[in-house]
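As provided, model-v9.tsv (TSV, N, CA and C atoms) reads as follows.
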chain	number	residue	atom	x	y	z
A	1	GLN	N	-157.61	-229.96	6.34
A	1	GLN	CA	-158.95	-230.49	6.14
A	1	GLN	C	-159.65	-230.59	7.50
A	2	VAL	N	-160.70	-229.79	7.65
A	2	VAL	CA	-161.44	-229.81	8.92
A	2	VAL	C	-162.21	-231.12	9.04
A	3	GLN	N	-162.13	-231.69	10.22
A	3	GLN	CA	-162.90	-232.90	10.49
A	3	GLN	C	-163.96	-232.60	11.53
A	4	LEU	N	-165.14	-233.12	11.28
A	4	LEU	CA	-166.26	-233.00	12.22
A	4	LEU	C	-166.62	-234.40	12.69
A	5	VAL	N	-166.72	-234.57	13.99
A	5	VAL	CA	-167.03	-235.88	14.56
A	5	VAL	C	-168.26	-235.75	15.45
A	6	GLU	N	-169.33	-236.41	15.02
A	6	GLU	CA	-170.57	-236.38	15.78
A	6	GLU	C	-170.67	-237.61	16.69
A	7	SER	N	-171.32	-237.44	17.82
A	7	SER	CA	-171.51	-238.55	18.75
A	7	SER	C	-172.74	-238.30	19.62
A	8	GLY	N	-173.15	-239.33	20.35
A	8	GLY	CA	-174.23	-239.17	21.31
A	8	GLY	C	-175.56	-239.76	20.89
A	9	GLY	N	-175.64	-240.26	19.67
A	9	GLY	CA	-176.89	-240.85	19.22
A	9	GLY	C	-177.16	-242.18	19.89
A	10	GLY	N	-178.33	-242.73	19.60
A	10	GLY	CA	-178.68	-244.02	20.17
A	10	GLY	C	-180.16	-244.30	20.01
A	11	LEU	N	-180.60	-245.33	20.70
A	11	LEU	CA	-182.00	-245.75	20.68
A	11	LEU	C	-182.67	-245.24	21.93
A	12	VAL	N	-183.79	-244.58	21.76
A	12	VAL	CA	-184.51	-244.01	22.90
A	12	VAL	C	-186.01	-244.14	22.65
A	13	GLN	N	-186.77	-244.26	23.72
A	13	GLN	CA	-188.22	-244.31	23.58
A	13	GLN	C	-188.80	-242.92	23.35
A	14	ALA	N	-189.95	-242.88	22.73
A	14	ALA	CA	-190.64	-241.61	22.54
A	14	ALA	C	-190.82	-240.91	23.88
A	15	GLY	N	-190.57	-239.61	23.87
A	15	GLY	CA	-190.64	-238.84	25.09
A	15	GLY	C	-189.31	-238.70	25.81
A	16	GLY	N	-188.33	-239.46	25.36
A	16	GLY	CA	-187.02	-239.45	25.99
A	16	GLY	C	-186.14	-238.31	25.49
A	17	SER	N	-184.90	-238.33	25.97
A	17	SER	CA	-183.95	-237.27	25.65
A	17	SER	C	-182.60	-237.84	25.23
A	18	LEU	N	-181.90	-237.07	24.43
A	18	LEU	CA	-180.53	-237.38	24.06
A	18	LEU	C	-179.76	-236.07	23.91
A	19	ARG	N	-178.45	-236.16	24.10
A	19	ARG	CA	-177.60	-235.00	23.87
A	19	ARG	C	-176.54	-235.38	22.84
A	20	LEU	N	-176.55	-234.70	21.74
A	20	LEU	CA	-175.57	-234.94	20.69
A	20	LEU	C	-174.41	-233.97	20.83
A	21	SER	N	-173.24	-234.42	20.42
A	21	SER	CA	-172.05	-233.58	20.41
A	21	SER	C	-171.39	-233.63	19.05
A	22	CYS	N	-170.73	-232.55	18.70
A	22	CYS	CA	-169.97	-232.48	17.44
A	22	CYS	C	-168.69	-231.73	17.73
A	23	THR	N	-167.57	-232.38	17.50
A	23	THR	CA	-166.28	-231.77	17.77
A	23	THR	C	-165.56	-231.48	16.47
A	24	SER	N	-165.02	-230.27	16.38
A	24	SER	CA	-164.27	-229.85	15.21
A	24	SER	C	-162.78	-229.99	15.47
A	25	SER	N	-162.04	-230.27	14.41
A	25	SER	CA	-160.59	-230.42	14.55
A	25	SER	C	-159.85	-229.10	14.44
A	26	GLU	N	-160.57	-228.03	14.12
A	26	GLU	CA	-159.91	-226.75	13.87
A	26	GLU	C	-160.49	-225.63	14.74
A	27	SER	N	-159.63	-224.73	15.15
A	27	SER	CA	-160.06	-223.61	16.00
A	27	SER	C	-160.92	-222.61	15.25
A	28	ILE	N	-160.88	-222.69	13.89
A	28	ILE	CA	-161.70	-221.77	13.12
A	28	ILE	C	-163.18	-221.97	13.41
A	29	PHE	N	-163.49	-223.10	14.02
A	29	PHE	CA	-164.86	-223.39	14.46
A	29	PHE	C	-165.46	-222.19	15.19
A	30	ARG	N	-164.63	-221.50	15.95
A	30	ARG	CA	-165.12	-220.43	16.81
A	30	ARG	C	-165.76	-219.28	16.01
A	31	PHE	N	-165.38	-219.17	14.75
A	31	PHE	CA	-165.82	-218.02	13.96
A	31	PHE	C	-166.96	-218.38	13.00
A	32	LYS	N	-167.46	-219.58	13.11
A	32	LYS	CA	-168.44	-220.08	12.15
A	32	LYS	C	-169.84	-220.20	12.75
A	33	THR	N	-170.83	-219.80	11.94
A	33	THR	CA	-172.21	-220.16	12.26
A	33	THR	C	-172.33	-221.66	12.01
A	34	MET	N	-172.83	-222.37	13.00
A	34	MET	CA	-172.90	-223.83	12.92
A	34	MET	C	-174.34	-224.30	12.98
A	35	GLY	N	-174.55	-225.48	12.46
A	35	GLY	CA	-175.89	-226.03	12.46
A	35	GLY	C	-175.91	-227.53	12.65
A	36	TRP	N	-177.02	-228.02	13.11
A	36	TRP	CA	-177.31	-229.45	13.15
A	36	TRP	C	-178.28	-229.74	12.01
A	37	TYR	N	-177.95	-230.77	11.25
A	37	TYR	CA	-178.76	-231.24	10.15
A	37	TYR	C	-179.18	-232.68	10.45
A	38	ARG	N	-180.23	-233.13	9.78
A	38	ARG	CA	-180.57	-234.54	9.89
A	38	ARG	C	-181.07	-235.06	8.56
A	39	GLN	N	-180.92	-236.36	8.40
A	39	GLN	CA	-181.31	-236.98	7.14
A	39	GLN	C	-181.89	-238.37	7.40
A	40	THR	N	-182.97	-238.66	6.70
A	40	THR	CA	-183.56	-240.00	6.72
A	40	THR	C	-183.47	-240.57	5.31
A	41	PRO	N	-183.48	-241.88	5.17
A	41	PRO	CA	-183.35	-242.50	3.85
A	41	PRO	C	-184.38	-241.97	2.86
A	42	GLY	N	-183.91	-241.61	1.69
A	42	GLY	CA	-184.80	-241.14	0.64
A	42	GLY	C	-185.18	-239.68	0.73
A	43	LYS	N	-184.68	-239.01	1.74
A	43	LYS	CA	-185.01	-237.60	1.90
A	43	LYS	C	-183.76	-236.75	1.88
A	44	GLU	N	-183.92	-235.49	1.57
A	44	GLU	CA	-182.79	-234.57	1.59
A	44	GLU	C	-182.43	-234.23	3.04
A	45	ARG	N	-181.18	-233.89	3.19
A	45	ARG	CA	-180.73	-233.46	4.52
A	45	ARG	C	-181.41	-232.14	4.86
A	46	GLU	N	-181.89	-232.02	6.08
A	46	GLU	CA	-182.58	-230.79	6.49
A	46	GLU	C	-181.87	-230.17	7.69
A	47	LEU	N	-181.89	-228.86	7.72
A	47	LEU	CA	-181.32	-228.11	8.83
A	47	LEU	C	-182.35	-228.03	9.95
A	48	VAL	N	-181.97	-228.42	11.15
A	48	VAL	CA	-182.92	-228.37	12.26
A	48	VAL	C	-182.60	-227.29	13.29
A	49	ALA	N	-181.35	-226.86	13.36
A	49	ALA	CA	-180.99	-225.84	14.34
A	49	ALA	C	-179.70	-225.15	13.91
A	50	ARG	N	-179.60	-223.88	14.24
A	50	ARG	CA	-178.40	-223.13	13.91
A	50	ARG	C	-178.04	-222.23	15.08
A	51	ILE	N	-176.75	-221.87	15.16
A	51	ILE	CA	-176.27	-221.02	16.24
A	51	ILE	C	-175.18	-220.12	15.71
A	52	SER	N	-175.20	-218.88	16.14
A	52	SER	CA	-174.21	-217.91	15.69
A	52	SER	C	-172.85	-218.20	16.34
A	53	PRO	N	-171.78	-217.60	15.81
A	53	PRO	CA	-170.45	-217.89	16.36
A	53	PRO	C	-170.31	-217.61	17.86
A	54	SER	N	-170.96	-216.55	18.32
A	54	SER	CA	-170.85	-216.21	19.74
A	54	SER	C	-171.99	-216.77	20.58
A	55	ALA	N	-172.85	-217.57	19.93
A	55	ALA	CA	-173.99	-218.20	20.60
A	55	ALA	C	-175.05	-217.20	21.06
A	56	THR	N	-175.05	-216.02	20.50
A	56	THR	CA	-176.05	-215.03	20.90
A	56	THR	C	-177.35	-215.19	20.15
A	57	SER	N	-177.31	-215.96	19.06
A	57	SER	CA	-178.51	-216.15	18.25
A	57	SER	C	-178.68	-217.62	17.89
A	58	THR	N	-179.89	-218.11	18.06
A	58	THR	CA	-180.21	-219.49	17.67
A	58	THR	C	-181.52	-219.50	16.90
A	59	ASN	N	-181.66	-220.48	16.03
A	59	ASN	CA	-182.90	-220.65	15.28
A	59	ASN	C	-183.18	-222.13	15.13
A	60	TYR	N	-184.47	-222.46	15.04
A	60	TYR	CA	-184.87	-223.86	14.97
A	60	TYR	C	-185.93	-224.07	13.89
A	61	ALA	N	-185.90	-225.25	13.33
A	61	ALA	CA	-186.98	-225.65	12.44
A	61	ALA	C	-188.26	-225.78	13.26
A	62	ASP	N	-189.37	-225.51	12.64
A	62	ASP	CA	-190.64	-225.58	13.36
A	62	ASP	C	-190.87	-226.97	13.97
A	63	SER	N	-190.37	-227.98	13.29
A	63	SER	CA	-190.61	-229.35	13.75
A	63	SER	C	-189.91	-229.68	15.07
A	64	VAL	N	-188.90	-228.90	15.45
A	64	VAL	CA	-188.16	-229.21	16.69
A	64	VAL	C	-188.22	-228.06	17.70
A	65	LYS	N	-188.83	-226.96	17.32
A	65	LYS	CA	-188.86	-225.79	18.19
A	65	LYS	C	-189.53	-226.14	19.53
A	66	GLY	N	-188.89	-225.72	20.60
A	66	GLY	CA	-189.42	-225.99	21.93
A	66	GLY	C	-188.99	-227.33	22.52
A	67	ARG	N	-188.38	-228.17	21.67
A	67	ARG	CA	-187.94	-229.49	22.14
A	67	ARG	C	-186.42	-229.66	22.05
A	68	PHE	N	-185.79	-228.99	21.11
A	68	PHE	CA	-184.34	-229.11	20.90
A	68	PHE	C	-183.68	-227.79	21.31
A	69	THR	N	-182.47	-227.90	21.83
A	69	THR	CA	-181.67	-226.73	22.18
A	69	THR	C	-180.26	-226.91	21.65
A	70	ILE	N	-179.82	-225.95	20.84
A	70	ILE	CA	-178.47	-225.98	20.30
A	70	ILE	C	-177.59	-225.08	21.16
A	71	SER	N	-176.36	-225.53	21.38
A	71	SER	CA	-175.40	-224.73	22.14
A	71	SER	C	-174.00	-225.06	21.65
A	72	ARG	N	-173.03	-224.30	22.14
A	72	ARG	CA	-171.66	-224.53	21.71
A	72	ARG	C	-170.69	-224.14	22.81
A	73	ASP	N	-169.53	-224.78	22.78
A	73	ASP	CA	-168.43	-224.42	23.67
A	73	ASP	C	-167.23	-224.17	22.78
A	74	ASN	N	-166.98	-222.90	22.49
A	74	ASN	CA	-165.91	-222.56	21.55
A	74	ASN	C	-164.52	-222.91	22.09
A	75	SER	N	-164.39	-222.97	23.40
A	75	SER	CA	-163.09	-223.33	23.98
A	75	SER	C	-162.76	-224.80	23.71
A	76	LYS	N	-163.80	-225.60	23.47
A	76	LYS	CA	-163.61	-227.02	23.19
A	76	LYS	C	-163.90	-227.36	21.73
A	77	PHE	N	-164.18	-226.36	20.93
A	77	PHE	CA	-164.51	-226.56	19.50
A	77	PHE	C	-165.67	-227.56	19.38
A	78	THR	N	-166.65	-227.45	20.25
A	78	THR	CA	-167.71	-228.45	20.30
A	78	THR	C	-169.09	-227.82	20.21
A	79	LEU	N	-169.94	-228.46	19.45
A	79	LEU	CA	-171.33	-228.07	19.25
A	79	LEU	C	-172.20	-229.14	19.90
A	80	TYR	N	-173.32	-228.71	20.48
A	80	TYR	CA	-174.22	-229.64	21.16
A	80	TYR	C	-175.64	-229.50	20.63
A	81	LEU	N	-176.40	-230.57	20.77
A	81	LEU	CA	-177.83	-230.52	20.51
A	81	LEU	C	-178.53	-231.33	21.59
A	82	GLN	N	-179.21	-230.63	22.48
A	82	GLN	CA	-180.00	-231.29	23.51
A	82	GLN	C	-181.39	-231.54	22.94
A	83	MET	N	-181.77	-232.79	22.89
A	83	MET	CA	-183.05	-233.16	22.31
A	83	MET	C	-183.94	-233.75	23.40
A	84	SER	N	-185.11	-233.19	23.55
A	84	SER	CA	-186.06	-233.65	24.56
A	84	SER	C	-187.40	-233.94	23.89
A	85	SER	N	-188.26	-234.63	24.63
A	85	SER	CA	-189.60	-234.97	24.12
A	85	SER	C	-189.50	-235.55	22.72
A	86	LEU	N	-188.58	-236.48	22.57
A	86	LEU	CA	-188.33	-237.04	21.24
A	86	LEU	C	-189.54	-237.79	20.70
A	87	LYS	N	-189.69	-237.70	19.39
A	87	LYS	CA	-190.79	-238.34	18.68
A	87	LYS	C	-190.22	-239.33	17.66
A	88	PRO	N	-190.99	-240.32	17.27
A	88	PRO	CA	-190.50	-241.26	16.25
A	88	PRO	C	-190.05	-240.56	14.97
A	89	GLU	N	-190.69	-239.45	14.63
A	89	GLU	CA	-190.30	-238.73	13.42
A	89	GLU	C	-188.98	-238.00	13.54
A	90	ASP	N	-188.39	-237.99	14.72
A	90	ASP	CA	-187.04	-237.44	14.90
A	90	ASP	C	-185.96	-238.46	14.52
A	91	THR	N	-186.37	-239.68	14.26
A	91	THR	CA	-185.43	-240.72	13.86
A	91	THR	C	-184.70	-240.31	12.59
A	92	ALA	N	-183.38	-240.29	12.64
A	92	ALA	CA	-182.57	-239.82	11.51
A	92	ALA	C	-181.10	-239.96	11.87
A	93	VAL	N	-180.25	-239.73	10.89
A	93	VAL	CA	-178.83	-239.55	11.15
A	93	VAL	C	-178.59	-238.05	11.27
A	94	TYR	N	-177.96	-237.66	12.34
A	94	TYR	CA	-177.73	-236.25	12.62
A	94	TYR	C	-176.28	-235.88	12.32
A	95	TYR	N	-176.13	-234.73	11.67
A	95	TYR	CA	-174.82	-234.22	11.28
A	95	TYR	C	-174.67	-232.77	11.73
A	96	CYS	N	-173.45	-232.36	11.90
A	96	CYS	CA	-173.19	-230.94	12.11
A	96	CYS	C	-172.37	-230.42	10.94
A	97	ASN	N	-172.46	-229.13	10.72
A	97	ASN	CA	-171.66	-228.48	9.70
A	97	ASN	C	-171.85	-226.98	9.83
A	98	THR	N	-171.09	-226.24	9.04
A	98	THR	CA	-171.25	-224.80	9.01
A	98	THR	C	-172.53	-224.46	8.25
A	99	ILE	N	-172.91	-223.19	8.35
A	99	ILE	CA	-174.04	-222.69	7.57
A	99	ILE	C	-173.54	-221.47	6.81
A	100	PRO	N	-173.54	-221.49	5.48
A	100	PRO	CA	-173.85	-222.65	4.66
A	100	PRO	C	-172.79	-223.74	4.81
A	101	GLN	N	-173.15	-224.93	4.40
A	101	GLN	CA	-172.24	-226.06	4.56
A	101	GLN	C	-170.96	-225.84	3.78
A	102	SER	N	-169.82	-225.95	4.49
A	102	SER	CA	-168.54	-225.73	3.83
A	102	SER	C	-167.52	-226.81	4.11
A	103	TYR	N	-167.77	-227.61	5.14
A	103	TYR	CA	-166.84	-228.69	5.46
A	103	TYR	C	-167.38	-230.00	4.89
A	104	HIS	N	-166.49	-230.95	4.78
A	104	HIS	CA	-166.94	-232.29	4.41
A	104	HIS	C	-167.82	-232.85	5.52
A	105	TRP	N	-168.81	-233.60	5.13
A	105	TRP	CA	-169.69	-234.19	6.13
A	105	TRP	C	-168.96	-235.26	6.94
A	106	GLY	N	-169.24	-235.29	8.24
A	106	GLY	CA	-168.73	-236.37	9.07
A	106	GLY	C	-169.57	-237.62	8.89
A	107	GLN	N	-169.35	-238.57	9.79
A	107	GLN	CA	-170.08	-239.84	9.66
A	107	GLN	C	-171.49	-239.75	10.22
A	108	GLY	N	-171.76	-238.69	10.97
A	108	GLY	CA	-173.07	-238.52	11.58
A	108	GLY	C	-173.24	-239.42	12.79
A	109	THR	N	-174.33	-239.18	13.50
A	109	THR	CA	-174.68	-240.03	14.64
A	109	THR	C	-176.16	-240.38	14.51
A	110	GLU	N	-176.46	-241.65	14.65
A	110	GLU	CA	-177.81	-242.14	14.39
A	110	GLU	C	-178.68	-242.06	15.62
A	111	VAL	N	-179.85	-241.49	15.42
A	111	VAL	CA	-180.85	-241.38	16.49
A	111	VAL	C	-182.07	-242.19	16.06
A	112	THR	N	-182.48	-243.11	16.92
A	112	THR	CA	-183.67	-243.91	16.66
A	112	THR	C	-184.63	-243.74	17.82
A	113	VAL	N	-185.84	-243.28	17.52
A	113	VAL	CA	-186.86	-243.07	18.55
A	113	VAL	C	-187.97	-244.08	18.33
A	114	SER	N	-188.16	-244.93	19.31
A	114	SER	CA	-189.18	-245.97	19.21
A	114	SER	C	-190.50	-245.48	19.81
A	115	SER	N	-191.59	-245.94	19.25
A	115	SER	CA	-192.91	-245.49	19.73
A	115	SER	C	-193.42	-246.40	20.84

When written as structure tokens, how does the structure in this file appear?
Amino acid sequence: QVQLVESGGGLVQAGGSLRLSCTSSESIFRFKTMGWYRQTPGKERELVARISPSATSTNYADSVKGRFTISRDNSKFTLYLQMSSLKPEDTAVYYCNTIPQSYHWGQGTEVTVSS
């Protein structure tokens, strides 16, 4: 059973930055297209960024394009999300998973952006 552990969230003022991390328990991580998702209460989970297995291709939701950067370190089975110029609407619980989602969801990491 693959485990995904997200970390790095917190409380930040608008305009600030955070770096999220997601560590996988399995080496198969290296062969998977991975993504960062986020969810707010009452809304469906949305995909905000994705990255190919070799990190040669990335894509972003329009709402975060130019502000978020997804990356990965396959030697550490770790996925990252660098978030800059944060806005209050970025407030959410952030999760990582494969694309399409195939692993059980982790506990997520909460990001709160104050105005």

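Atom N of Val113 in chain A lies 5.9 Å from atom C of Thr91 in chain A.
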
Practice problem: With a distance cut-off of 9 Å and only C-alpha atoms, select the neighbouring residues of Thr78 in chain A, excluding the residue or stretch itself and same-chain residues fewer than 5 positions from it, and output the selection as an NGL selection string. | Solution: :A and (21-24 or 29 or 71-73)

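Shell of range 97-110 of chain A at 7 Å, with only N, CA and C atoms counted and residues fewer than 4 places along the chain excluded, is Val2, Gln3, Leu4, Val5, Glu6, Ser7, Gly8, Gly9, Gly10, Leu11, Lys32, Thr33, Met34, Gly35, Trp36, Tyr37, Thr91, Ala92 and Val93 of chain A.
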
Quiz prompt | Straight-line distance linking atom C of Ser85 in chain A with atom C of Gln13 in chain A, stated in Å to one decimal | solution = 7.4 Å

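Coordinates place atom C of Ser57 in chain A at a distance of 21.2 Å from atom N of Ser25 in chain A.
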
Exercise. Using all atoms listed in the file, collect all residues at a distance of at most 6 Å from (-187.2, -244.1, 17.9) as written in the file, then present them as a PyMOL selection string.
Key: chain A and resi 12-14+87-88+91+111-115

Quiz item: Looking only at the backbone, which of the residues in chain A does DSSP tag as helix (DSSP H, G or I), as a PyMOL selection string?
Solution: chain A and resi 27-31+88-90

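Nearest residue to Pro53 in chain A, choosing from A:Gln39, A:Asn74, A:Leu18, A:Gly66 and counting all atoms listed in the file: A:Asn74.
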
Exercise. If you run DSSP over the backbone, which residues in chain A end up strand (DSSP E)? Put them as a PyMOL selection string.
Key: chain A and resi 4-7+10-13+18-24+34-39+46-51+58-60+68-73+78-83+92-98+109-114

Exercise. Pick out the closest residue to Arg50 in chain A from this set: A:Val64, A:Arg30, A:Phe77, A:Ile70. Count only N, CA and C atoms.
Key: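 Among A:Val64, A:Arg30, A:Phe77, A:Ile70, it is A:Ile70 that comes nearest to Arg50 in chain A.
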
Could you pull range 100-111 of chain A out of the structure I just pasted and write it to a file containing all heavy atoms, as a CSV table (one decimal), in the first residue's frame?
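Wrote it out as out-v5.csv, contents follow:
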chain,number,residue,atom,x,y,z
A,100,PRO,N,-4.0,9.7,-13.6
A,100,PRO,CA,-5.2,9.9,-12.7
A,100,PRO,C,-4.9,9.3,-11.3
A,100,PRO,O,-4.0,8.5,-11.1
A,100,PRO,CB,-6.3,9.1,-13.4
A,100,PRO,CG,-5.5,8.0,-14.2
A,100,PRO,CD,-4.2,8.6,-14.6
A,101,GLN,N,-5.7,9.7,-10.4
A,101,GLN,CA,-5.5,9.3,-9.0
A,101,GLN,C,-5.6,7.8,-8.8
A,101,GLN,O,-6.6,7.2,-9.2
A,101,GLN,CB,-6.5,10.0,-8.1
A,101,GLN,CG,-6.5,9.7,-6.7
A,101,GLN,CD,-7.6,8.8,-6.2
A,101,GLN,OE1,-8.7,8.9,-6.7
A,101,GLN,NE2,-7.3,7.8,-5.4
A,102,SER,N,-4.6,7.2,-8.3
A,102,SER,CA,-4.6,5.8,-8.1
A,102,SER,C,-4.2,5.3,-6.7
A,102,SER,O,-4.5,4.2,-6.3
A,102,SER,CB,-3.7,5.1,-9.1
A,102,SER,OG,-2.3,5.6,-8.9
A,103,TYR,N,-3.6,6.2,-5.9
A,103,TYR,CA,-3.3,5.9,-4.6
A,103,TYR,C,-4.3,6.4,-3.6
A,103,TYR,O,-5.1,7.4,-3.9
A,103,TYR,CB,-1.9,6.5,-4.2
A,103,TYR,CG,-0.8,6.0,-5.0
A,103,TYR,CD1,0.4,6.8,-5.2
A,103,TYR,CD2,-0.7,4.7,-5.6
A,103,TYR,CE1,1.5,6.4,-6.0
A,103,TYR,CE2,0.3,4.3,-6.4
A,103,TYR,CZ,1.4,5.1,-6.5
A,103,TYR,OH,2.5,4.7,-7.3
A,104,HIS,N,-4.3,5.9,-2.4
A,104,HIS,CA,-5.2,6.4,-1.4
A,104,HIS,C,-4.7,7.8,-1.0
A,104,HIS,O,-3.5,8.1,-1.0
A,104,HIS,CB,-5.2,5.6,-0.1
A,104,HIS,CG,-5.9,4.3,-0.3
A,104,HIS,ND1,-7.2,4.2,-0.5
A,104,HIS,CD2,-5.4,3.0,-0.3
A,104,HIS,CE1,-7.6,2.9,-0.6
A,104,HIS,NE2,-6.5,2.2,-0.5
A,105,TRP,N,-5.6,8.7,-0.7
A,105,TRP,CA,-5.2,10.1,-0.4
A,105,TRP,C,-4.5,10.1,1.0
A,105,TRP,O,-4.9,9.4,1.9
A,105,TRP,CB,-6.5,11.0,-0.3
A,105,TRP,CG,-7.1,11.2,-1.6
A,105,TRP,CD1,-8.3,10.5,-2.1
A,105,TRP,CD2,-6.7,12.0,-2.7
A,105,TRP,NE1,-8.6,10.9,-3.3
A,105,TRP,CE2,-7.6,11.8,-3.8
A,105,TRP,CE3,-5.6,12.8,-2.9
A,105,TRP,CZ2,-7.5,12.5,-5.0
A,105,TRP,CZ3,-5.5,13.5,-4.1
A,105,TRP,CH2,-6.4,13.3,-5.1
A,106,GLY,N,-3.5,11.0,1.1
A,106,GLY,CA,-2.8,11.2,2.3
A,106,GLY,C,-3.7,12.1,3.2
A,106,GLY,O,-4.8,12.5,2.8
A,107,GLN,N,-3.0,12.6,4.2
A,107,GLN,CA,-3.8,13.5,5.1
A,107,GLN,C,-3.8,15.0,4.6
A,107,GLN,O,-4.6,15.8,5.1
A,107,GLN,CB,-3.2,13.5,6.5
A,107,GLN,CG,-1.9,14.4,6.7
A,107,GLN,CD,-0.7,13.9,6.0
A,107,GLN,OE1,-0.6,12.8,5.5
A,107,GLN,NE2,0.3,14.8,6.0
A,108,GLY,N,-3.0,15.2,3.6
A,108,GLY,CA,-2.9,16.6,3.1
A,108,GLY,C,-2.2,17.5,4.0
A,108,GLY,O,-1.8,17.2,5.1
A,109,THR,N,-1.9,18.7,3.5
A,109,THR,CA,-1.3,19.8,4.3
A,109,THR,C,-2.1,21.1,4.0
A,109,THR,O,-2.4,21.4,2.9
A,109,THR,CB,0.2,19.9,3.9
A,109,THR,OG1,0.8,20.8,4.8
A,109,THR,CG2,0.4,20.4,2.5
A,110,GLU,N,-2.4,21.7,5.1
A,110,GLU,CA,-3.3,22.9,5.1
A,110,GLU,C,-2.5,24.1,4.8
A,110,GLU,O,-1.5,24.4,5.5
A,110,GLU,CB,-4.1,23.0,6.4
A,110,GLU,CG,-5.2,24.0,6.3
A,110,GLU,CD,-6.2,23.9,7.5
A,110,GLU,OE1,-5.9,23.0,8.4
A,110,GLU,OE2,-7.1,24.6,7.5
A,111,VAL,N,-3.0,24.9,3.9
A,111,VAL,CA,-2.5,26.2,3.5
A,111,VAL,C,-3.5,27.3,3.8
A,111,VAL,O,-4.6,27.2,3.3
A,111,VAL,CB,-2.0,26.3,2.1
A,111,VAL,CG1,-1.6,27.7,1.7
A,111,VAL,CG2,-0.9,25.3,1.8
